[in-house]
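Okay, protein.txt now, which holds compact mmCIF, C-alpha atoms and all ligand atoms:
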# COMPACT_ATOMS: atom_id res chain seq x y z
CA MET A 1 0.00 0.00 0.00
CA LYS A 2 2.74 2.41 1.05
CA PHE A 3 4.60 1.52 -2.13
CA ALA A 4 1.54 2.28 -4.24
CA ILE A 5 1.16 5.69 -2.59
CA ARG A 6 4.81 6.45 -3.17
CA LEU A 7 4.43 5.41 -6.79
CA ILE A 8 1.44 7.70 -7.23
CA ILE A 9 3.31 10.60 -5.62
CA PHE A 10 6.36 9.89 -7.79
CA TYR A 11 4.28 9.92 -10.98
CA PHE A 12 2.32 12.96 -9.92
CA PHE A 13 5.45 15.05 -9.37
CA ASN A 14 7.24 13.85 -12.44
CA VAL A 15 4.32 14.14 -14.81
CA THR A 16 3.47 17.58 -13.39
CA PHE A 17 7.09 18.59 -13.77
CA VAL A 18 7.18 17.50 -17.39
CA LEU A 19 3.90 19.19 -18.23
CA ALA A 20 4.78 22.32 -16.35
CA SER A 21 8.18 22.76 -17.94
CA PRO A 22 7.51 25.77 -20.16
CA CYS A 23 8.54 26.23 -23.76
CA VAL A 24 8.86 29.50 -25.69
CA ILE A 25 9.06 29.86 -29.46
CA LEU A 26 10.08 33.32 -30.64
CA ILE A 27 9.27 34.11 -34.27
CA SER A 28 10.47 37.20 -36.15
CA PHE A 29 9.02 38.48 -39.39
CA ASP A 30 11.64 41.02 -40.41
CA GLY A 31 10.28 44.48 -41.20
CA PHE A 32 6.64 43.50 -40.55
CA ARG A 33 5.17 46.91 -39.79
CA TRP A 34 2.61 47.13 -36.96
CA ASP A 35 -0.28 47.99 -39.29
CA TYR A 36 0.27 45.07 -41.68
CA LEU A 37 -2.01 43.08 -39.37
CA ASN A 38 -4.85 45.48 -40.16
CA ARG A 39 -4.95 44.82 -43.90
CA GLY A 40 -7.25 41.82 -43.79
CA LEU A 41 -4.47 39.61 -45.19
CA THR A 42 -3.47 37.71 -42.06
CA PRO A 43 -6.27 35.40 -40.87
CA ASN A 44 -3.90 33.02 -39.06
CA LEU A 45 -1.98 35.69 -37.16
CA VAL A 46 -5.09 37.67 -36.27
CA SER A 47 -7.00 34.63 -35.09
CA PHE A 48 -4.03 33.50 -32.97
CA ALA A 49 -3.72 37.03 -31.53
CA SER A 50 -7.41 37.20 -30.72
CA LYS A 51 -7.09 34.06 -28.59
CA GLY A 52 -3.97 35.41 -26.85
CA VAL A 53 -2.32 38.82 -26.54
CA ARG A 54 -2.03 41.50 -29.18
CA ALA A 55 -0.19 44.79 -28.71
CA ILE A 56 -1.06 47.75 -30.89
CA SER A 57 2.60 47.88 -31.84
CA LEU A 58 6.09 46.92 -30.77
CA GLU A 59 8.44 49.87 -30.36
CA PRO A 60 11.93 49.05 -31.57
CA SER A 61 15.07 50.51 -30.04
CA PHE A 62 17.15 53.11 -31.84
CA PRO A 63 18.38 52.70 -34.52
CA SER A 64 15.44 50.74 -35.89
CA GLY A 65 17.62 48.28 -37.83
CA THR A 66 17.72 44.51 -38.07
CA PHE A 67 20.80 43.56 -36.05
CA PRO A 68 20.42 46.19 -33.30
CA ASN A 69 16.81 45.21 -32.65
CA HIS A 70 16.98 41.45 -32.91
CA TYR A 71 19.79 41.69 -30.39
CA SER A 72 17.81 44.05 -28.14
CA ILE A 73 14.94 41.56 -28.14
CA VAL A 74 17.14 38.71 -26.91
CA THR A 75 19.26 40.77 -24.46
CA GLY A 76 16.86 43.33 -22.99
CA LEU A 77 19.46 46.00 -23.73
CA TYR A 78 19.43 49.14 -25.84
CA PRO A 79 21.88 48.98 -28.74
CA GLU A 80 24.10 51.55 -26.97
CA ASN A 81 24.55 48.95 -24.24
CA HIS A 82 24.70 45.69 -26.21
CA GLY A 83 27.10 47.17 -28.71
CA ILE A 84 25.37 46.27 -31.98
CA ILE A 85 24.64 49.91 -32.75
CA GLY A 86 23.93 49.24 -36.43
CA ASN A 87 24.00 46.65 -39.20
CA HIS A 88 27.30 48.24 -40.12
CA ILE A 89 29.61 49.58 -37.42
CA PHE A 90 32.96 51.29 -37.71
CA ASN A 91 35.29 50.96 -34.73
CA PRO A 92 37.49 54.08 -34.95
CA PHE A 93 39.88 52.76 -32.27
CA TYR A 94 40.76 49.43 -33.87
CA LYS A 95 39.77 50.53 -37.41
CA THR A 96 37.62 47.42 -37.73
CA VAL A 97 34.23 47.09 -39.37
CA PHE A 98 31.15 45.08 -38.43
CA SER A 99 28.82 44.23 -41.26
CA LEU A 100 25.91 41.83 -41.36
CA ARG A 101 27.26 40.62 -44.68
CA ASP A 102 30.64 39.66 -43.22
CA SER A 103 30.40 36.25 -41.58
CA ASN A 104 33.66 36.78 -39.66
CA ALA A 105 32.27 39.92 -38.03
CA VAL A 106 28.80 38.47 -37.45
CA THR A 107 30.27 35.52 -35.56
CA ASP A 108 32.88 37.53 -33.62
CA PRO A 109 31.78 37.67 -29.96
CA ARG A 110 33.79 40.83 -29.32
CA TRP A 111 31.13 42.98 -30.99
CA TYR A 112 28.32 41.60 -28.84
CA LEU A 113 28.05 42.83 -25.26
CA GLY A 114 25.44 41.77 -22.75
CA GLU A 115 23.97 38.30 -22.55
CA ALA A 116 21.47 36.78 -24.94
CA ILE A 117 18.54 34.80 -23.57
CA TRP A 118 20.09 31.54 -24.78
CA GLU A 119 23.19 32.19 -22.66
CA THR A 120 21.03 32.94 -19.63
CA ALA A 121 18.90 29.87 -20.22
CA ARG A 122 21.77 27.48 -20.95
CA ARG A 123 23.55 28.49 -17.77
CA GLN A 124 20.41 27.54 -15.88
CA GLY A 125 20.11 24.13 -17.50
CA ILE A 126 17.62 24.91 -20.26
CA LEU A 127 18.29 23.73 -23.81
CA THR A 128 17.93 26.36 -26.51
CA ALA A 129 17.83 26.41 -30.31
CA SER A 130 17.76 28.93 -33.11
CA PHE A 131 16.76 28.66 -36.73
CA PHE A 132 18.38 32.02 -37.42
CA TRP A 133 18.69 35.06 -35.20
CA PRO A 134 21.26 37.81 -35.27
CA GLY A 135 23.88 37.01 -32.66
CA SER A 136 23.12 33.28 -32.57
CA GLU A 137 26.27 32.13 -34.37
CA LEU A 138 29.09 33.41 -32.17
CA THR A 139 32.35 31.49 -32.21
CA LEU A 140 32.22 31.08 -28.42
CA GLU A 141 30.24 27.90 -27.83
CA TYR A 142 28.68 28.99 -24.52
CA ARG A 143 27.45 32.25 -26.03
CA ARG A 144 25.20 30.65 -28.62
CA PRO A 145 22.15 28.39 -28.53
CA ASP A 146 22.72 24.65 -28.04
CA TYR A 147 21.35 24.07 -31.55
CA PHE A 148 21.84 26.74 -34.20
CA VAL A 149 22.05 27.14 -37.95
CA PRO A 150 24.37 29.66 -39.68
CA PHE A 151 22.31 32.26 -41.52
CA ASN A 152 21.56 31.33 -45.10
CA SER A 153 18.69 33.12 -46.78
CA LYS A 154 18.49 30.35 -49.39
CA ILE A 155 17.05 27.87 -46.90
CA PRO A 156 13.33 27.80 -47.81
CA TYR A 157 10.94 29.14 -45.18
CA LYS A 158 9.01 25.89 -44.79
CA LYS A 159 12.23 23.97 -44.29
CA ARG A 160 13.06 26.26 -41.37
CA ILE A 161 9.71 25.42 -39.80
CA ASP A 162 10.11 21.69 -40.46
CA SER A 163 13.49 21.77 -38.72
CA VAL A 164 12.00 23.43 -35.65
CA ILE A 165 9.32 20.74 -35.58
CA GLN A 166 12.08 18.11 -35.67
CA TRP A 167 13.72 19.77 -32.65
CA LEU A 168 10.41 19.64 -30.80
CA LYS A 169 10.08 15.94 -31.60
CA LEU A 170 13.39 15.13 -29.91
CA PRO A 171 13.25 13.06 -26.71
CA TYR A 172 12.43 15.21 -23.70
CA GLU A 173 15.99 15.51 -22.39
CA LYS A 174 17.28 16.67 -25.79
CA ARG A 175 14.34 18.92 -26.66
CA PRO A 176 14.97 22.69 -26.62
CA LYS A 177 12.69 24.81 -24.43
CA PHE A 178 13.52 28.07 -26.15
CA ILE A 179 13.56 28.30 -29.95
CA THR A 180 13.81 31.14 -32.46
CA LEU A 181 12.61 31.29 -36.05
CA TYR A 182 13.25 34.07 -38.56
CA PHE A 183 11.75 35.09 -41.92
CA GLU A 184 13.00 38.00 -44.03
CA GLU A 185 10.20 38.21 -46.62
CA THR A 186 8.45 41.43 -45.55
CA ASP A 187 11.71 43.35 -45.10
CA LYS A 188 13.01 42.38 -48.54
CA LYS A 189 9.80 43.24 -50.38
CA GLY A 190 9.36 46.38 -48.25
CA HIS A 191 12.73 47.78 -49.35
CA ASP A 192 12.27 46.86 -52.99
CA PHE A 193 8.66 47.90 -53.55
CA GLY A 194 7.56 50.01 -50.56
CA PRO A 195 5.18 49.20 -47.70
CA ASN A 196 2.05 50.02 -49.73
CA SER A 197 2.88 47.85 -52.73
CA PRO A 198 1.04 44.73 -53.89
CA GLN A 199 4.36 42.90 -53.48
CA VAL A 200 4.37 43.69 -49.76
CA ASP A 201 0.76 42.52 -49.53
CA SER A 202 1.90 39.22 -51.06
CA ALA A 203 4.80 39.07 -48.58
CA ILE A 204 2.37 39.62 -45.70
CA LYS A 205 0.25 36.72 -47.00
CA ILE A 206 3.32 34.52 -47.29
CA CYS A 207 4.16 35.23 -43.63
CA ASP A 208 0.61 34.48 -42.56
CA ASN A 209 0.57 31.22 -44.52
CA LEU A 210 3.86 30.20 -42.94
CA PHE A 211 2.45 30.91 -39.51
CA GLY A 212 -0.64 28.84 -40.33
CA TYR A 213 1.62 26.03 -41.59
CA PHE A 214 3.61 26.15 -38.33
CA LEU A 215 0.46 25.99 -36.16
CA GLU A 216 -0.81 23.06 -38.19
CA LYS A 217 2.47 21.19 -37.71
CA LEU A 218 2.43 21.93 -33.97
CA LYS A 219 -1.10 20.57 -33.83
CA ASN A 220 -0.03 17.38 -35.60
CA ILE A 221 2.62 16.68 -32.99
CA GLN A 222 0.19 17.68 -30.21
CA PHE A 223 2.24 20.62 -29.05
CA LEU A 224 -0.06 23.45 -30.04
CA ASP A 225 -1.67 23.87 -26.63
CA SER A 226 1.49 23.57 -24.57
CA VAL A 227 3.96 25.92 -26.25
CA ASN A 228 4.14 29.68 -25.82
CA ILE A 229 4.53 31.49 -29.12
CA ILE A 230 5.69 35.09 -29.39
CA VAL A 231 5.57 36.75 -32.81
CA VAL A 232 7.57 39.93 -33.22
CA SER A 233 9.20 42.08 -35.83
CA ASP A 234 12.35 44.09 -35.48
CA HIS A 235 11.05 47.33 -37.03
CA GLY A 236 8.64 48.76 -39.60
CA MET A 237 9.28 50.45 -42.94
CA THR A 238 8.74 53.89 -44.45
CA GLU A 239 8.80 55.17 -48.03
CA ILE A 240 11.72 57.20 -49.29
CA HIS A 241 11.06 60.32 -51.31
CA PRO A 242 13.79 60.71 -53.94
CA ASN A 243 13.57 64.50 -53.67
CA GLN A 244 14.04 64.41 -49.89
CA ILE A 245 17.62 63.19 -49.66
CA ILE A 246 20.07 65.49 -47.88
CA ASN A 247 23.56 65.52 -49.33
CA LEU A 248 26.05 66.42 -46.60
CA SER A 249 29.22 66.09 -48.68
CA LYS A 250 29.67 69.82 -49.20
CA PHE A 251 29.71 70.42 -45.43
CA LEU A 252 32.23 67.71 -44.71
CA GLN A 253 35.31 69.01 -46.52
CA VAL A 254 37.12 69.82 -43.29
CA GLY A 255 40.17 67.60 -43.06
CA GLU A 256 40.69 64.71 -40.69
CA ILE A 257 37.28 63.17 -40.23
CA LYS A 258 35.59 59.91 -41.02
CA ALA A 259 31.90 60.04 -41.80
CA ASN A 260 29.67 57.00 -42.16
CA SER A 261 26.28 57.41 -43.73
CA TYR A 262 23.33 55.11 -43.11
CA GLY A 263 20.39 57.16 -44.39
CA TYR A 264 18.75 57.32 -40.97
CA LEU A 265 21.95 58.70 -39.47
CA VAL A 266 25.37 60.06 -40.37
CA SER A 267 28.04 59.31 -37.78
CA ILE A 268 31.20 61.44 -37.80
CA SER A 269 34.42 60.82 -35.91
CA GLY A 270 37.84 62.42 -36.13
CA ASN A 271 40.30 64.73 -34.43
CA LYS A 272 39.04 67.36 -32.00
CA ASP A 273 39.52 70.43 -34.21
CA SER A 274 37.96 68.93 -37.30
CA ILE A 275 35.05 67.60 -35.29
CA SER A 276 34.35 71.07 -33.87
CA LYS A 277 34.55 72.61 -37.34
CA VAL A 278 32.18 70.03 -38.80
CA TYR A 279 29.75 70.45 -35.95
CA ASN A 280 29.68 74.24 -36.33
CA ILE A 281 29.22 74.14 -40.11
CA LEU A 282 26.43 71.59 -39.87
CA LYS A 283 24.78 73.51 -37.04
CA GLN A 284 24.68 76.66 -39.13
CA ASN A 285 23.12 74.76 -42.00
CA GLU A 286 20.57 72.66 -40.12
CA ASN A 287 17.80 72.21 -42.63
CA ASN A 288 15.59 69.10 -42.59
CA PHE A 289 18.18 67.53 -40.34
CA ASN A 290 19.53 68.01 -36.82
CA VAL A 291 23.12 67.77 -35.75
CA TYR A 292 24.17 66.71 -32.26
CA ARG A 293 27.25 66.06 -30.26
CA ARG A 294 27.01 62.44 -29.14
CA ASN A 295 26.22 63.29 -25.54
CA ASP A 296 23.51 65.77 -26.53
CA LEU A 297 21.46 63.35 -28.60
CA PRO A 298 17.79 63.27 -27.52
CA LYS A 299 17.63 61.28 -24.27
CA ASN A 300 14.66 59.23 -25.45
CA LEU A 301 16.77 57.65 -28.20
CA ASN A 302 19.01 56.00 -25.57
CA PHE A 303 21.83 56.33 -28.02
CA SER A 304 24.89 58.03 -26.61
CA GLN A 305 26.54 55.66 -24.13
CA ASN A 306 28.78 53.92 -26.59
CA PRO A 307 32.18 55.06 -27.84
CA LEU A 308 31.56 53.58 -31.30
CA ILE A 309 28.87 56.19 -31.94
CA GLY A 310 30.50 59.12 -33.76
CA GLU A 311 31.30 62.27 -31.75
CA VAL A 312 28.95 64.13 -34.06
CA VAL A 313 25.69 62.60 -35.23
CA VAL A 314 23.29 63.90 -37.88
CA LEU A 315 19.66 62.78 -37.83
CA PRO A 316 17.12 63.53 -40.57
CA GLU A 317 13.69 64.98 -39.90
CA PHE A 318 10.72 62.75 -40.63
CA GLY A 319 10.47 61.88 -44.33
CA TRP A 320 14.10 62.74 -45.09
CA ILE A 321 17.27 60.73 -45.65
CA VAL A 322 20.74 61.93 -44.66
CA ALA A 323 23.53 60.87 -46.96
CA ILE A 324 27.04 61.88 -47.84
CA ASP A 325 26.56 61.02 -51.44
CA SER A 326 22.87 61.22 -52.26
CA SER A 327 23.23 58.94 -55.28
CA GLU A 328 23.66 56.08 -52.79
CA TYR A 329 19.97 56.31 -52.03
CA THR A 330 18.20 57.56 -55.11
CA TYR A 331 18.14 54.28 -56.96
CA LYS A 332 18.70 51.58 -54.39
CA VAL A 333 15.53 51.20 -52.38
CA LYS A 334 11.91 52.34 -52.33
CA ALA A 335 11.59 52.30 -48.56
CA THR A 336 13.72 51.84 -45.50
CA HIS A 337 13.96 51.96 -41.69
CA GLY A 338 16.51 52.75 -39.01
CA PHE A 339 14.92 56.09 -38.10
CA ASP A 340 13.74 57.45 -34.74
CA ASN A 341 12.12 54.50 -33.00
CA HIS A 342 9.23 56.67 -31.77
CA TRP A 343 7.95 57.23 -35.31
CA LEU A 344 5.01 54.92 -35.81
CA ASP A 345 6.23 53.80 -39.24
CA MET A 346 9.20 52.22 -37.46
CA HIS A 347 7.03 50.13 -35.13
CA GLY A 348 6.69 46.40 -35.53
CA VAL A 349 4.24 43.76 -34.30
CA PHE A 350 3.86 41.83 -31.08
CA ILE A 351 1.41 38.98 -30.67
CA ALA A 352 1.66 36.08 -28.25
CA GLY A 353 -0.30 33.07 -27.13
CA GLY A 354 -0.01 29.88 -25.11
CA PRO A 355 -0.45 28.75 -21.53
CA ALA A 356 1.58 31.63 -20.05
CA PHE A 357 -0.41 34.40 -21.73
CA LYS A 358 -3.69 36.11 -21.01
CA GLN A 359 -6.44 35.25 -23.42
CA ASN A 360 -8.29 37.63 -25.66
CA TYR A 361 -6.24 40.56 -24.42
CA THR A 362 -5.28 43.70 -26.28
CA THR A 363 -2.75 46.18 -25.02
CA GLY A 364 -0.97 49.34 -26.16
CA THR A 365 2.53 49.67 -27.51
CA LEU A 366 5.17 47.41 -25.93
CA ARG A 367 8.93 48.00 -25.95
CA ASN A 368 11.17 45.35 -27.43
CA ILE A 369 13.71 45.57 -24.57
CA ASP A 370 11.06 44.16 -22.21
CA ILE A 371 10.80 40.86 -24.10
CA TYR A 372 13.99 39.38 -22.60
CA PRO A 373 12.78 39.63 -18.99
CA LEU A 374 9.35 38.40 -20.14
CA ILE A 375 10.80 35.23 -21.64
CA CYS A 376 12.95 34.69 -18.53
CA LYS A 377 9.83 34.89 -16.41
CA ILE A 378 7.98 32.36 -18.58
CA LEU A 379 10.95 29.98 -18.54
CA ASN A 380 11.34 30.41 -14.76
CA ILE A 381 14.93 31.55 -15.03
CA VAL A 382 16.76 34.44 -13.41
CA PRO A 383 17.41 37.24 -15.91
CA ARG A 384 20.76 38.96 -16.14
CA GLN A 385 20.94 42.01 -13.91
CA ASN A 386 21.56 45.54 -15.21
CA ILE A 387 19.38 45.30 -18.27
CA ASP A 388 17.33 48.13 -19.77
CA GLY A 389 14.10 46.13 -20.05
CA LYS A 390 11.71 46.05 -17.13
CA ILE A 391 9.48 43.11 -16.32
CA GLU A 392 7.01 45.54 -14.65
CA CYS A 393 6.33 47.11 -18.04
CA ILE A 394 5.17 43.86 -19.64
CA GLU A 395 4.31 41.14 -17.10
CA TYR A 396 0.65 42.17 -17.03
CA ILE A 397 0.18 40.32 -20.32
CA LEU A 398 0.88 37.03 -18.54
CA ARG A 399 -1.83 35.01 -16.87
P1 LIG A 401 18.35 45.37 -43.11
O1 LIG A 401 17.13 45.50 -43.92
O2 LIG A 401 19.54 46.00 -43.78
O3 LIG A 401 18.18 45.89 -41.72
O4 LIG A 401 18.70 43.83 -42.98
C1 LIG A 401 17.81 42.79 -43.32
C2 LIG A 401 18.61 41.65 -43.86
O5 LIG A 401 19.46 41.13 -42.87
C3 LIG A 401 17.80 40.45 -44.26
O6 LIG A 401 17.27 40.57 -45.56
C4 LIG A 401 18.78 39.31 -44.17
O7 LIG A 401 19.36 39.04 -45.42
C5 LIG A 401 19.85 39.83 -43.24
N1 LIG A 401 19.95 38.99 -42.05
C6 LIG A 401 18.96 38.66 -41.21
N2 LIG A 401 19.39 37.86 -40.22
C7 LIG A 401 20.69 37.67 -40.43
C8 LIG A 401 21.70 36.91 -39.77
N3 LIG A 401 21.43 36.21 -38.68
N4 LIG A 401 22.94 36.95 -40.30
C9 LIG A 401 23.22 37.66 -41.39
N5 LIG A 401 22.31 38.39 -42.07
C10 LIG A 401 21.06 38.39 -41.61
ZN ZN A 402 14.99 44.07 -40.16
ZN ZN A 403 15.50 46.18 -43.83

For this file, produce the structure as structure tokens.
Ligand code: AMP
Ligand code: ZN
Ligand code: ZN
Amino acid sequence: MKFAIRLIIFYFFNVTFVLASPCVILISFDGFRWDYLNRGLTPNLVSFASKGVRAISLEPSFPSGTFPNHYSIVTGLYPENHGIIGNHIFNPFYKTVFSLRDSNAVTDPRWYLGEAIWETARRQGILTASFFWPGSELTLEYRRPDYFVPFNSKIPYKKRIDSVIQWLKLPYEKRPKFITLYFEETDKKGHDFGPNSPQVDSAIKICDNLFGYFLEKLKNIQFLDSVNIIVVSDHGMTEIHPNQIINLSKFLQVGEIKANSYGYLVSISGNKDSISKVYNILKQNENNFNVYRRNDLPKNLNFSQNPLIGEVVVLPEFGWIVAIDSSEYTYKVKATHGFDNHWLDMHGVFIAGGPAFKQNYTTGTLRNIDIYPLICKILNIVPRQNIDGKIECIEYILR
């Protein structure tokens, strides 16, 4: 009799433990602007959101670019603090360059400060996996997910999903409890054709179909009701007006400086005298742009506490592009992002569902830096201290 009771207790605790062990799947649709969900093209995403949580928008961090924001989402840090201050970064001290197109740079841990959620989780005994995410391929083994795949945009979207399903089918002790998935379709079509194009509408439908496909697969392996799914995007997209491109080259002929132009920002570094000269010239000619010394940048951008940001920074006003050579922008793209993260066009999406989340719940704009502590809370792990995200700003969406 005693043995039978013990057996029941043993099974109760173990089965409860297994069932209660939470799982989070984080999906990013790159450049999926917040309002794309309102176009009547996304039945799967909208229906999932209506059963779970939907935020009006997800505010990115500044600059509203792909690498800075994907890394903010998984670290809870502003780019000024996690170090990935752009897709392309110039280090004026070592004269090195980070570029998302350079696999040596992308995998070099020295660019990435802070701690990604997979590092936090691994250290606390939780297996993690990533089918693409900026910062998931570092050459230091302990700084990347247990399972990861080097970025390769040629891998078909459905194959990415099928691989995640395979991970979920692994035996319990090998199965990851935190997984990322990434799709670039809306960003690509957004740049090439603009956010209001039929091509972007098709891209939105492709994303929604993929999401539907994923839910169906989860249902087939009987995981749909037990996993927590968070769908995000890193930023939105805004149209470029070819006649609204500021050409700074004529102001920059002042000797020893290095200027890097990104459209949403021009970053200038150099010797003290030249920097002062450049600042003064630009200040006198401020027209559709604003020039700042690094430490005087608007506080709400949270973009000054990093020595890799130029000593002088030029930001365009809404609707404008800042360039050194305007021809860089006139032909390349129809739309872009990277601008002030408070502009609504730069906002992305946030929807979530699963056992951890409230049901049928709509909320206002969320900040992407709060997602790291949110995931830690769902996974029952202790987040890294000294992050910018605050669990108090987001935990109300949990049950
Ligand atoms: P952008 O529009 O310049 O901010 O960057 C978007 C592009 O980043 C996508 O089209 C992808 O090709 C690329 N990308 C996304 N994730 C990664 C990654 N993990 N490694 C390298 N490139 C990536
Ligand atoms: Zn992006
Ligand atoms: Zn983009």

Dump the neighbourhood of ligand ZN 402 (chain A) as a list in words: all residues within 7 Å, distances computed on all atoms listed in the file.
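Protein and nucleic-acid residues within 7 Å of ligand ZN 402 (chain A): Asp30, Gly31, Gly65, Thr66, Asp187, Asp234 and His235 of chain A.
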
Write the selection just made, keeping C-alpha atoms, as a compact mmCIF listing (two decimals), in the coordinates of the input?
# COMPACT_ATOMS: atom_id res chain seq x y z
CA ASP A 30 11.64 41.02 -40.41
CA GLY A 31 10.28 44.48 -41.20
CA GLY A 65 17.62 48.28 -37.83
CA THR A 66 17.72 44.51 -38.07
CA ASP A 187 11.71 43.35 -45.10
CA ASP A 234 12.35 44.09 -35.48
CA HIS A 235 11.05 47.33 -37.03

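The residue that comes closest to ligand LIG 401 (chain A), out of A:Val314, A:Ile161, A:Val333, A:Val254 and on the basis of all atoms listed in the file, is A:Val333.
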
So that I can check the surroundings of Thr363 (chain A), please list as a ChimeraX atom specification every protein, DNA and RNA residue that reaches within 10 Å of it, counting all atoms listed in the file and ignoring chain neighbours fewer than 3 positions away.
/A:53-57,350,366,394,396-397

Need to verify the contact set: Pro60 (chain A), 7 Å, only C-alpha atoms, exclusion of same-chain residues closer than 6 positions in sequence. Can you return it as JSON, numbers by chain?
{"A": [69, 234, 235, 341, 347, 367, 368]}

Counting all atoms listed in the file, figure out which residue out of A:Ile73, A:Ile240, A:Ile206, A:Ile89 gets nearest to Val266 (chain A).
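Comparing A:Ile73, A:Ile240, A:Ile206, A:Ile89 against Val266 (chain A), the winner is A:Ile89.
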
9 Å from ligand LIG 401 (chain A) is the threshold here; counting all atoms listed in the file, which polymer residues fall inside it? Answer as a ChimeraX atom specification.
/A:30-31,64-68,70,86-88,99-103,106-107,132-137,150-153,182-188,190-191,234-235,336-338

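You can rank A:Ile268, A:Leu113, A:Leu37, A:Met346 by their closest distance to ligand ZN 403 (chain A) using only C-alpha atoms and all ligand atoms, and at the top of that list sits A:Met346.
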
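Between ligand ZN 403 (chain A) and the residues A:Ile84, A:Ile387, A:Ile246, A:Ala335, the shortest atom-to-atom distance, using all atoms listed in the file, involves A:Ala335.
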
Shortest interatomic distance to Asp162 (chain A) - which of A:Ala323, A:Glu216, A:Arg110, A:Thr362, counting all atoms listed in the file:
A:Glu216

Within 7 Å of region 117-129 of chain A, counting all atoms listed in the file, which residues qualify if same-chain residues fewer than 4 places away don't, as a PyMOL selection string?
chain A and resi 74-75+142-148+175-180+372+381+383-384

Kindly provide the residues of region 54-158 of chain A that approach region 207-213 of chain A to within 12 Å, each paired with its closest atom pair and their distance in Å to one decimal, based on only C-alpha atoms, listed by chain and increasing number, as CSV.
residue,atom,partner,partner_atom,distance
A:Pro156,CA,A:Leu210,CA,10.9
A:Tyr157,CA,A:Leu210,CA,7.5
A:Lys158,CA,A:Leu210,CA,7.0

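Between CA of Thr365 (chain A) and CA of Asn196 (chain A) there is a distance of 22.2 Å.
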
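Computed from the coordinates, the CA of Gly353 (chain A) to CA of Ile27 (chain A) distance equals 12.0 Å.
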
For Trp343 (chain A), which of A:Glu173, A:Glu59, A:Asp192, A:Glu256 is the closest residue, counting only C-alpha atoms?
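So, comparing all the options, the nearest one is A:Glu59.
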
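The gap separating CA of Glu80 (chain A) from CA of Val349 (chain A) is 22.6 Å, in Å to one decimal.
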
Spatial neighbours of Pro195 (chain A), max dist 9 Å, all atoms listed in the file, sep filter under 4 positions, as a PDB file with C-alpha atoms, in the coordinates of the input:
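Result file selection34.pdb:
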ATOM      1  CA  ARG A  33       5.170  46.910 -39.790  1.00  0.00           C
ATOM      2  CA  TYR A  36       0.270  45.070 -41.680  1.00  0.00           C
ATOM      3  CA  THR A 186       8.450  41.430 -45.550  1.00  0.00           C
ATOM      4  CA  LYS A 189       9.800  43.240 -50.380  1.00  0.00           C
ATOM      5  CA  GLY A 190       9.360  46.380 -48.250  1.00  0.00           C
ATOM      6  CA  HIS A 191      12.730  47.780 -49.350  1.00  0.00           C
ATOM      7  CA  GLN A 199       4.360  42.900 -53.480  1.00  0.00           C
ATOM      8  CA  VAL A 200       4.370  43.690 -49.760  1.00  0.00           C
ATOM      9  CA  ASP A 201       0.760  42.520 -49.530  1.00  0.00           C
ATOM     10  CA  GLY A 236       8.640  48.760 -39.600  1.00  0.00           C
ATOM     11  CA  MET A 237       9.280  50.450 -42.940  1.00  0.00           C
ATOM     12  CA  THR A 238       8.740  53.890 -44.450  1.00  0.00           C
ATOM     13  CA  GLU A 239       8.800  55.170 -48.030  1.00  0.00           C
ATOM     14  CA  LYS A 334      11.910  52.340 -52.330  1.00  0.00           C
ATOM     15  CA  ALA A 335      11.590  52.300 -48.560  1.00  0.00           C
TER      16      ALA A 335
END

Edge lengths and centre in Å, axis-aligned, region 197-216 of chain A plus 8 Å each side, as JSON:
{"center_x": 2.0, "center_y": 35.5, "center_z": -45.0, "size_x": 21.6, "size_y": 40.8, "size_z": 33.7}

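Neighbouring residues of Asn288 (chain A) at 8 Å or closer, counting only C-alpha atoms and skipping chain neighbours under 4 positions away, are Ile246, Pro316, Glu317 and Trp320 of chain A.
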